[in-house]
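Q: My questions all concern the structure below.
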Amino acid sequence: MGKASRPTQLWLWIAVVMVGLLAVAAIGLVWQTQQREHSLELELVRRQQAMQAQSAEAQVLAKQAQDAAREAAAKVALLEVRLSEVTVQRGQIEELIQSISRSRDENVVVDIDAALRVAMQQSALTGSVEPLVSTLKQADERLARYNQPRLEGVRRAIARDLDRVKGESMIDVSALTIKLDEVVRLVDELPLRAQPDLRKNGARAPASPASAGKAARAAASAAAAPDASMPDWLKPWMARWDDFSERVWVEAKSLVRVTRIEEPEAMLLEPEHVFFLRENLKLRLLNARLALLARQFSIVQGDLQGVLAALERYFDPKARRTQLATSLVRQVQQQARQTDLPRPDNTLAALATAAAGR
């Protein structure tokens, strides 16, 4: 019995030891577990604090982000407003540019149209196509520099009108007025029929008294030569008498001249009448000149016809000055005719079309 209790006690001690070891191990495990829980709690607390700090920081950042978002939204709204304003301004600027471009085209068209109408008036006043031709050339050069495709039709119309206007023949009023002025200057120098210039007309001039005396003395000596019965002392007296009588006869013949007058009234003009005749002739020429400048060709023809009639009636037709004056008057009378002024109708129609925007 004593030997049987010993293994039991051994096993008991072993069991106690095992229980103790288990208890120690359990206590160690519990302590280790508690340590781990404590460390975990500390870690959790630390992390919680970190999370709280991060959360606070995140809240601050979120608030800042919200503020920034609000500012950005405000800026975006402001930019949208400004963008809309810029868009409106851009549209207005584009409309203004288009308006300026249209107004520039319209100004060019209006300027050319006005210049052409002024040139037509100048051509009508001067009777020359030069103002119209010059204006058409200037308009073509201006459109060439402007280089606007919309106005190419105007340039083509200008080219057609320019060729047509150059082919028209107009009277040169300035040249005709110069001829009339020359006739006015010659009026005071025109010889009358009552005072013909025989030397200039090619007529035979009367012999001078000296030559006539010589001829008379020669004839007297020839006639007296055969008379030999005349005393010698009487011969010188007879020669002197013949010379004296011949001189008297020559002087008497020079005082009287017989000519044929086809216009008797031209010989009956008194000196004051001659003055008024020349002045009346000048007035007719000046009136014709004014009518020529006013383009009243019927009045010009009537006045010049009266001038020609006066020249043929009262002035010597064989005198060089009379012939020159008559020739100048006839030239003016032939050239002073009514002519239609060419109109640049094609150009005016093209300008009207361009001004209408078609």
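As shown in the structure tokens, the chain order sets the letters A, B, ...; within each chain, residues go from 1, and ligands are also counted from 1 in the order they appear.
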Excluding A:Leu180 and any residue of its chain fewer than 3 positions from it, enumerate the residues within 10 Å of it, using only C-alpha atoms, and give them as a PyMOL selection string.

A: chain A and resi 174-177+183-186+282+285-286+288-289+304+325+328-329+331-332

Q: Nearest to A:Arg156: which of A:Leu136, A:Tyr314, A:Leu277, A:Gln48 is it, counting only C-alpha atoms?

A: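 Looking only at the distances to A:Arg156, the closest residue turns out to be A:Leu136.
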
Q: Using only C-alpha atoms, which protein or nucleic acid residues come within 10 Å of A:Leu162? Drop anything in the same chain fewer than 5 positions from it, and give the result as a PyMOL selection string.

A: chain A and resi 132-137+140+156-157+167+344+347

Q: Next, the residues of the selection above should be written as a PDB file, in the first residue's frame with N, CA and C atoms.

A:
```pdb
ATOM      1  N   LEU A 132     -13.851 114.253-119.265  1.00  0.00           N
ATOM      2  CA  LEU A 132     -14.495 112.953-119.068  1.00  0.00           C
ATOM      3  C   LEU A 132     -13.494 111.820-119.227  1.00  0.00           C
ATOM      4  N   VAL A 133     -12.628 111.910-120.222  1.00  0.00           N
ATOM      5  CA  VAL A 133     -11.612 110.864-120.433  1.00  0.00           C
ATOM      6  C   VAL A 133     -10.658 110.804-119.250  1.00  0.00           C
ATOM      7  N   SER A 134     -10.222 111.966-118.767  1.00  0.00           N
ATOM      8  CA  SER A 134      -9.309 112.005-117.621  1.00  0.00           C
ATOM      9  C   SER A 134      -9.961 111.410-116.374  1.00  0.00           C
ATOM     10  N   THR A 135     -11.224 111.721-116.134  1.00  0.00           N
ATOM     11  CA  THR A 135     -11.920 111.194-114.959  1.00  0.00           C
ATOM     12  C   THR A 135     -12.096 109.688-115.055  1.00  0.00           C
ATOM     13  N   LEU A 136     -12.412 109.175-116.232  1.00  0.00           N
ATOM     14  CA  LEU A 136     -12.557 107.726-116.396  1.00  0.00           C
ATOM     15  C   LEU A 136     -11.228 107.013-116.150  1.00  0.00           C
ATOM     16  N   LYS A 137     -10.131 107.592-116.622  1.00  0.00           N
ATOM     17  CA  LYS A 137      -8.812 106.979-116.377  1.00  0.00           C
ATOM     18  C   LYS A 137      -8.479 106.984-114.884  1.00  0.00           C
ATOM     19  N   ASP A 140     -10.476 104.286-113.138  1.00  0.00           N
ATOM     20  CA  ASP A 140      -9.944 102.950-113.391  1.00  0.00           C
ATOM     21  C   ASP A 140      -8.680 102.697-112.577  1.00  0.00           C
ATOM     22  N   ARG A 156     -14.810  97.029-115.930  1.00  0.00           N
ATOM     23  CA  ARG A 156     -15.105  96.641-117.312  1.00  0.00           C
ATOM     24  C   ARG A 156     -15.990  97.682-118.005  1.00  0.00           C
ATOM     25  N   ALA A 157     -16.977  98.212-117.261  1.00  0.00           N
ATOM     26  CA  ALA A 157     -17.833  99.261-117.841  1.00  0.00           C
ATOM     27  C   ALA A 157     -17.027 100.518-118.146  1.00  0.00           C
ATOM     28  N   GLY A 167     -13.423 107.718-129.059  1.00  0.00           N
ATOM     29  CA  GLY A 167     -13.762 107.720-130.473  1.00  0.00           C
ATOM     30  C   GLY A 167     -14.673 108.852-130.893  1.00  0.00           C
ATOM     31  N   PRO A 344     -21.140 108.392-120.183  1.00  0.00           N
ATOM     32  CA  PRO A 344     -20.656 107.077-119.715  1.00  0.00           C
ATOM     33  C   PRO A 344     -21.796 106.272-119.089  1.00  0.00           C
ATOM     34  N   THR A 347     -20.853 102.903-117.294  1.00  0.00           N
ATOM     35  CA  THR A 347     -20.218 103.093-115.983  1.00  0.00           C
ATOM     36  C   THR A 347     -21.230 103.532-114.944  1.00  0.00           C
TER      37      THR A 347
END
```

Q: Can you tell me how far atom CA of A:Val154 sits from atom CA of A:Ala352, in Å to one decimal?

A: 9.6 Å

Q: Mind giving me the straight-line distance from atom CA of A:Val187 to atom CA of A:Leu308 in Å, one decimal?

A: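 Computing the Euclidean distance for atom CA of A:Val187 and atom CA of A:Leu308 yields 12.2 Å.
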
Q: Can you pull out every residue within 10 Å of A:Val108, counting only C-alpha atoms, but drop anything in the same chain fewer than 4 positions away, and send it as a ChimeraX atom specification?

A: /A:102-104,112-114,139,142-143,146,151,351,355

Q: Point out the residue among A:Val81, A:Ala356, A:Asp172, A:Asp345 with the least atom-to-atom distance to A:Ala159, counting only C-alpha atoms.

A: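 Checking each of A:Val81, A:Ala356, A:Asp172, A:Asp345 against A:Ala159, counting only C-alpha atoms, the winner is A:Asp345.
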
Q: Could you work out how far atom CA of A:Ile178 lies from atom CA of A:Asp303, giving the answer in Å with one decimal?

A: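 So the two atoms, atom CA of A:Asp303 and atom CA of A:Ile178, lie 16.5 Å apart.
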